[in-house]
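Student: Input: one structure, supplied below.
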Amino acid sequence: MDMFYYMPSIIYMFHIYRLGGANVSGINSFEIWSMTNISQGSRLCWFHFFGICILTWVTIFFVEKEYVIYAKYRHIYLRRKDARLRTVIVEGIPHKMRSNVTLATYFEALYPNAIVCVRLAQDLRQLEQLVADRENALAKLERYDLLTKQGHSRPMIKVGNMIQPVDAIKYYCMQVNNLNEAIEREQESSRRLAIREDRKSGSNAINVIGEFLHVTQIGALKRMMKNKSGSSKKWFVKSQEDDDNIGRSANDKPKPYNSFSVYRLSWSEWVWKLWTAPTAKELWRGLKDGRHGEYHGTNDERANLISPPEERNMFLSKAFVTFKTFTAATTARQVIHMQLIGRMAISEAPEPTDILWQNLYTSRTSVFYRRLIIESAVILLNVIWVAPVTLVSFVVSEDALRNYFPFIDILCSRSQWFESAIDLIQPGVLVALMMILPPILQALGMLEGYISHSSIQFRTFDRYFFFQIINVFLVTTIAGSVIDCLKEVYNSPTSTFELLGSSLPKMGAFFTNFMFIKAFTGLGMEIIRLAAMFSGLLKLLTPNLTLRERKATPLFGGIRATFNPGWFAFAKVYAQDMLQVVLCANYANIAPLILVAGLCYFGMASFIYKHQLLYVYEPIYETGGMCKRLVITNDI
Amino acid sequence: MSRRLDWLLPSWLENANAFDQSMDEDMSSIGYTILFNVIIWAVCVGFFSFYRRYDPKLYTPKVDMFPDKTLPRIPHDTYFGWIVDLYNITDDQIIEKAGYDQLFLIRFYRLAFKIFSTFAIYAWGVVLPVNR
């Protein structure tokens, strides 16, 4: 089966090899050892064809062996007793089911005695904002305190519209105290809100789930649940004595939501709602939902599960459910819980340190549109990457610099060394331009709404790898932009083989050089942590930093202290090293000398990264090697 | 086609020469590259071997940050003894102290090394003489 998948690539490689090596005159000392030295259509090309077959077979052989080891380790990982492995994340929870009790009752009915706990994600943006404000106030307080201790006069600041400045330290002390109290109040109120919602929905949980299971036509389960009435009580979080604090009796019945049409707004209500929207966000929500915000069609399933607007948004549509056994969690992940696409979708939960909490607020609809926009943006970025590269060549190429600055021209004409140094500016800026790509792609992943760092890393790897194949490997080989290549292929599709066949061998020496630089200089810089040393030096040279500021990582984590290396950028390193694999695989037959550079690189990288991963980089998450499958797929 | 794509990017912003790389690199240029880069590599490894003995926090920050998730520091007795000690760390120790994701990254390099070193027998034994 594997060979079947490889057939297209073998046919493709065969065409390239058949057409390769057209230029037999004027070859240099490297090309003598490469396929360029063989005339077009020569029978000797069969050796290269057999070579690619052997390489394919060797790859399959070792990948298969690696998969066996991967499966062994994966089984060991999954057999661990971690709660994380038995926890799932539920997304797209219908509004009426958004309480711990209702959800727990639902899962208890489907998976009897298999639930450990259910935690519905709560909207805590207010609390998060207060905590962020407190952090800012503390940072300022520490800064002013440090200045005072260093002998400066007592700092004074102007606050708001006050004419007289006030003592900064006293002001921020007061701010921190106020925020401490506000945070405490907010925490308490959020906790009460959650308990109240659980109590309120507790008595109604059976009915809600009954409707839910009825409309999904699992009537037998409904009857079973009726018999289990009262089982929801065990999911109440607090005891009876909390009722007074909560300010609402547990016996209070929630309003019956038996009429769907009640929740549709009239025109006047809708206009009034927009007019009186307290924040821009509310206004946007009103506009987005429209007058029919609560009405999405005539589907009974959806209509039965809709809550009135005033009860929405206190809980999010995502929850974490921990099962007692891995089997139950796996079953829950594979079962379709709702007919509506995307509702009650269950998947493996990321580790707590892996979760990007701010993205839990993003709804699935929003994620869909974001994904659409960002995928389009990434494709566009691939196509128009030539524009910034061209602009760089306009501004910092040797010719441009000599034209703009006459003194550079004079110095260049007098000194060969200076000219060489000026000539290095353009490639340097291009490398810097490439360096900013992984952070940009990661930021796009965050905007896209992925809920874990690991999934952002996987997506970034995919995109960065694809980007490098297009804009580093193919474009450098053909020496034209993506648009040029597309035009060429469009005008003459059969010329693709000739284009690659004639272009690939010529770039063998360039890529061999590139791989030697990566192997020796790249890995040498990695082991001495040169970038971290520069970054740490910047911090050290900045005077008067408080401990908090010293630990801070500005510029998206780009500048950090040497003792705080941060986590390992898997996406960037994997994608860059996959390019090395692609280069080796492509040139192993065309210019076999590239394998010297490749073996140096892979041999040393396995050793140096072993040290770095064990002793330097901070582990942020553990996916049990999920990335391995992605990488091997791209490898193949 | 060209007219259809021109709206996307004006031709003055599409200078293909910006990507152009030298195709004239020969064995001497590769030799210089190797020489220059091996010198840099030797300086880096030498500096690491020397300086790690005096500032272990710079090269093993994880030991201080996560003492329970890291192996003890490699002894500082000799300059290049760390190479042998590092080589002797097993996969199980990597899993225990670094994690599965980290182990699979290291195994990715080993896999690539195995594939290309095996193929190198054919590439250098057959293809290279054929090309010559």
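Labels for the structure tokens follow display order: chains A, B, ..., residues from 1 in each chain, ligands from 1.
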Could you give me the residues within segment 462-593 of chain A that DSSP places in alpha helix (DSSP H), as a PyMOL selection string?
Tutor: chain A and resi 462-468+475-478+482-491+495-503+508-517+523-528+530-541+547-551+554-557+570-590
Student: Only residues of chain A matter here; which ones have an atom within 6 Å of chain B, counting only C-alpha atoms? Give them as a PyMOL selection string.
Tutor: chain A and resi 28-30+32-35+37+59+386-387+390+476+479-481+506-507+509+513+520-521+524+528+563+592+599+602+606+614-616+624-625
Student: Enumerate as number ranges by chain all residues of segment 252-478 of chain A assigned to strand (DSSP E or B) by DSSP on the backbone, naming them with the chain letters and numbers the document uses.
Tutor: A: 315-323, 345-348, 355, 452
Student: Find the spatial neighbours of Thr87 of chain A, counting only C-alpha atoms, within a cut-off of 8 Å - ignore same-chain residues fewer than 2 positions away - and output them as a count of residues only.
Tutor: 11
Student: One decimal, in Å: what's the spacing between atom CA of Phe473 of chain A and atom CA of Arg629 of chain A?
Tutor: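 We find that atom CA of Phe473 of chain A and atom CA of Arg629 of chain A lie 23.2 Å from each other.
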Student: Taking into account only C-alpha atoms, which residue in the set A:Leu44, A:Leu437, A:Val271, A:Ile620 is nearest to Ile355 of chain A?
Tutor: A:Ile620
Student: Which residues are close to Arg80 of chain A, i.e. within 12 Å by only C-alpha atoms, leaving aside same-chain residues fewer than 5 positions away? Reply as a ChimeraX atom specification.
Tutor: /A:73-75,85-86,325-326,624
Student: Save out the residues we just selected, C-alpha atoms, as a short mmCIF file (atom, residue, chain, number, x, y, z; two decimals), in the first residue's frame.
Tutor:
data_model
loop_
_atom_site.label_atom_id
_atom_site.label_comp_id
_atom_site.auth_asym_id
_atom_site.auth_seq_id
_atom_site.Cartn_x
_atom_site.Cartn_y
_atom_site.Cartn_z
CA TYR A 73 5.98 4.42 23.68
CA ARG A 74 2.52 5.72 22.87
CA HIS A 75 0.98 2.72 24.63
CA LEU A 85 -5.69 11.15 29.77
CA ARG A 86 -9.17 10.45 31.11
CA THR A 325 -11.56 5.04 33.11
CA PHE A 326 -9.69 5.67 29.90
CA GLY A 624 2.68 12.01 24.16
#
Student: Using only C-alpha atoms, which residues sit within 7 Å of segment 419-427 of chain A once same-chain residues fewer than 4 positions away are excluded, as a short mmCIF file (atom, residue, chain, number, x, y, z; two decimals) with C-alpha atoms, in the first residue's frame?
Tutor:
data_model
loop_
_atom_site.label_atom_id
_atom_site.label_comp_id
_atom_site.auth_asym_id
_atom_site.auth_seq_id
_atom_site.Cartn_x
_atom_site.Cartn_y
_atom_site.Cartn_z
CA VAL A 392 14.52 44.59 0.74
CA SER A 393 16.57 44.26 -2.42
CA VAL A 396 19.59 47.35 1.18
CA SER A 397 21.18 45.67 -1.82
CA GLU A 398 24.79 46.63 -2.46
CA CYS A 412 33.59 50.08 -1.28
CA SER A 415 38.32 48.32 0.34
CA VAL A 431 17.28 35.99 7.04
#
Student: Just how far from atom CA of Ala345 of chain A is atom CA of Ala332 of chain A, in Å to one decimal?
Tutor: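 So the two atoms, atom CA of Ala332 of chain A and atom CA of Ala345 of chain A, lie 9.6 Å apart.
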